[in-house]
Structures are given as C-alpha cells and as structure tokens.
$ cat structure.cif   # mmCIF, C-alpha atoms
data_final
loop_
_atom_site.label_atom_id
_atom_site.label_comp_id
_atom_site.auth_asym_id
_atom_site.auth_seq_id
_atom_site.Cartn_x
_atom_site.Cartn_y
_atom_site.Cartn_z
CA MET A 1 0.00 0.00 0.00
CA PRO A 2 1.58 3.34 -1.05
CA ILE A 3 2.03 6.07 1.54
CA ASN A 4 0.18 9.28 0.74
CA THR A 5 2.93 11.92 0.46
CA GLY A 6 0.77 14.34 -1.49
CA MET A 7 1.12 15.08 -5.16
CA PRO A 8 4.50 14.30 -6.75
CA ARG A 9 7.03 17.01 -6.09
CA SER A 10 9.29 18.55 -8.70
CA VAL A 11 12.73 16.96 -8.36
CA ILE A 12 14.43 19.63 -10.48
CA GLY A 13 12.71 22.46 -8.62
CA HIS A 14 13.78 21.10 -5.27
CA ALA A 15 17.32 20.49 -6.54
CA ILE A 16 17.56 24.16 -7.51
CA SER A 17 16.11 25.44 -4.23
CA GLY A 18 18.30 23.04 -2.22
CA GLY A 19 21.35 24.27 -4.07
CA PHE A 20 20.47 27.89 -3.40
CA ILE A 21 19.88 27.23 0.30
CA ALA A 22 23.19 25.40 0.60
CA MET A 23 25.01 28.23 -1.20
CA LEU A 24 23.51 30.82 1.16
CA VAL A 25 24.58 28.84 4.22
CA ALA A 26 28.06 28.28 2.76
CA GLY A 27 28.38 31.99 2.02
CA ILE A 28 27.67 32.84 5.64
CA ASP A 29 30.17 30.20 6.77
CA ASN A 30 32.87 31.55 4.41
CA LYS A 31 33.33 34.79 6.30
CA ALA A 32 35.09 32.97 9.14
CA ARG A 33 36.83 30.23 7.14
CA PHE A 34 38.50 31.76 4.10
CA ASP A 35 40.82 34.69 3.54
CA ASN A 36 40.88 34.46 -0.27
CA LYS A 37 38.03 34.71 -2.74
CA GLN A 38 39.05 31.62 -4.72
CA GLY A 39 38.81 29.34 -1.68
CA ALA A 40 35.47 30.86 -0.72
CA PHE A 41 34.11 30.43 -4.25
CA LYS A 42 35.19 26.77 -4.39
CA HIS A 43 33.49 26.12 -1.07
CA VAL A 44 30.23 27.80 -2.12
CA ALA A 45 30.21 25.94 -5.46
CA LYS A 46 30.87 22.56 -3.87
CA VAL A 47 28.33 22.97 -1.08
CA GLY A 48 25.72 24.30 -3.52
CA LEU A 49 26.12 21.29 -5.80
CA GLN A 50 26.01 18.93 -2.83
CA GLY A 51 22.84 20.59 -1.55
CA ALA A 52 21.24 20.27 -4.97
CA ALA A 53 22.13 16.57 -5.24
CA ILE A 54 20.92 15.75 -1.75
CA SER A 55 17.66 17.71 -2.15
CA ALA A 56 16.92 16.06 -5.49
CA ALA A 57 17.63 12.62 -4.06
CA ALA A 58 15.39 13.22 -1.06
CA ILE A 59 12.47 14.45 -3.17
CA ALA A 60 12.85 11.61 -5.68
CA ALA A 61 12.84 9.12 -2.80
CA THR A 62 9.74 10.74 -1.32
CA ASN A 63 7.97 10.64 -4.70
CA SER A 64 8.73 6.93 -5.11
CA ILE A 65 7.46 6.08 -1.63
CA GLY A 66 4.18 7.82 -2.34
CA SER A 67 3.42 6.17 -5.66
CA LYS A 68 4.46 2.48 -5.67
CA PRO A 69 3.97 -0.72 -3.70
CA ALA A 70 6.00 -0.86 -0.45
CA MET A 71 8.85 -3.19 -1.43
CA ARG A 72 9.52 -1.60 -4.80
CA ALA A 73 9.16 1.90 -3.34
CA GLY A 74 11.59 1.13 -0.54
CA LEU A 75 14.24 -0.21 -2.89
CA GLU A 76 13.79 2.67 -5.30
CA ALA A 77 13.96 5.24 -2.49
CA LEU A 78 17.11 3.61 -1.14
CA GLY A 79 18.64 3.80 -4.63
CA TYR A 80 17.85 7.51 -4.93
CA LEU A 81 19.32 8.23 -1.50
CA ALA A 82 22.45 6.21 -2.28
CA ALA A 83 22.89 8.10 -5.56
CA GLY A 84 22.54 11.47 -3.79
CA ALA A 85 25.07 10.46 -1.15
CA ALA A 86 27.46 9.19 -3.83
CA VAL A 87 27.32 12.51 -5.67
CA ALA A 88 27.94 14.44 -2.45
CA VAL A 89 30.96 12.28 -1.59
CA ALA A 90 32.30 12.46 -5.16
CA LEU A 91 32.14 16.26 -5.07
CA GLU A 92 34.41 16.20 -2.00
CA ALA A 93 37.09 14.58 -4.15
CA ILE A 94 36.41 16.52 -7.36
CA ILE A 95 36.45 20.00 -5.77
CA PRO A 96 39.24 19.99 -3.17
CA GLU A 97 39.52 22.82 -0.66
CA GLU A 98 42.44 24.30 1.17
CA PRO A 99 42.71 23.27 4.83
CA THR A 100 40.95 25.50 7.32
CA PRO A 101 43.36 27.92 9.01
CA GLN A 102 44.23 27.04 12.59
CA ALA A 103 42.86 30.38 13.80
CA CYS A 104 39.33 29.31 12.82
CA LEU A 105 39.39 25.97 14.59
CA PRO A 106 37.86 25.74 18.08
CA LYS A 107 40.33 25.66 20.95
CA GLU A 108 40.59 22.44 22.89
#
$ encode --input "structure.cif" --output "structure tokens"
Amino acid sequence: MPINTGMPRSVIGHAISGGFIAMLVAGIDNKARFDNKQGAFKHVAKVGLQGAAISAAAIAATNSIGSKPAMRAGLEALGYLAAGAAVAVALEAIIPEEPTPQACLPKE
C-alpha cells in the first residue's frame, strides 16, 4: 500500500532550491573560514552542488514512496538516496579545498 505523500514534487525544482539554500549557508560560513576569494568560491560551489544533489535525491525518494507498492518503493527510495550520497561524496574529491586555518578551529 503506497504512503500518501501528497502530489509528486518537482525533483528539479527542489534540486535548484536546495542548491540555493546550501550556497547561502556556505556563504555565511565563508566569512570565518576563508581569507581568499578563490577558496570561498570553491566552497560555495561545492556545497551548492552537494545541496542540490541531496535535495533532489530526497524528493525523488519521497515521490517513489508515495506512488508504488511498499517493497519496490523502498528499494527505489534507497537507490535515490544512495545516488545522492554518492554525488555528495564524489564532489568532495572533485572539488578539493584548502585546509581550514588554525585560527578558525575551536580551541581544545
């Protein structure tokens, strides 16, 4: 029996909004972490793409749960979530960042 999650949501629309939200949060975080503009830009780009991938995966998983039988929906949702996580991890390797300066790290 499918779970009623409402009408299907737009995966692309949520990917775009998730990316924008992630970029805004990363931009706020950049003020304390980076001295140069290139490092800050890389961070915002990477986090924005990760936010878009994760948001799209979450919405696609939610759409599958709401429209298919339980076993198939569960496997499909798990596949979407795994794909979103894989993209987020891959972006860590593809867009490397400089280490955070010691001055920004919390004191022990």
$ residues_around --input "structure.cif" --residues "Ala77 in chain A" --least-positions-apart "6" --cutoff "8 Å" --atoms "only C-alpha atoms" --output "PyMOL selection string"
chain A and resi 60-62+64-65
$ residues_near_point --input "structure.cif" --point "(18.8, 25.0, -5.9)" --cutoff "10 Å" --atoms "only C-alpha atoms" --output "MDAnalysis selection string"
chainID A and resid 12:23 48:53 55:56
$ closest_residue --input "structure.cif" --among "A:Val47, A:Gly74, A:Ala58, A:Asn63" --to "Val89 in chain A" --atoms "all atoms listed in the file"
A:Val47
$ atom_distance --input "structure.cif" --atom1 "CA of Ala93 in chain A" --atom2 "CA of Gly79 in chain A"
21.4 Å
$ atom_distance --input "structure.cif" --atom1 "CA of Tyr80 in chain A" --atom2 "CA of Ala57 in chain A"
5.2 Å
$ atom_distance --input "structure.cif" --atom1 "CA of Asn36 in chain A" --atom2 "CA of Ala90 in chain A"
24.1 Å
$ closest_residue --input "structure.cif" --among "A:Val25, A:Leu75, A:Val11, A:Ile59" --to "His43 in chain A" --atoms "all atoms listed in the file"
A:Val25
$ closest_residue --input "structure.cif" --among "A:Lys68, A:Ala73, A:Ile54, A:Phe41" --to "Val87 in chain A" --atoms "all atoms listed in the file"
A:Ile54
$ residues_around --input "structure.cif" --residues "Lys46 in chain A" --least-positions-apart "6" --cutoff "9 Å" --atoms "all atoms listed in the file" --output "NGL selection string"
:A and (23 or 88 or 91-92 or 94-96)
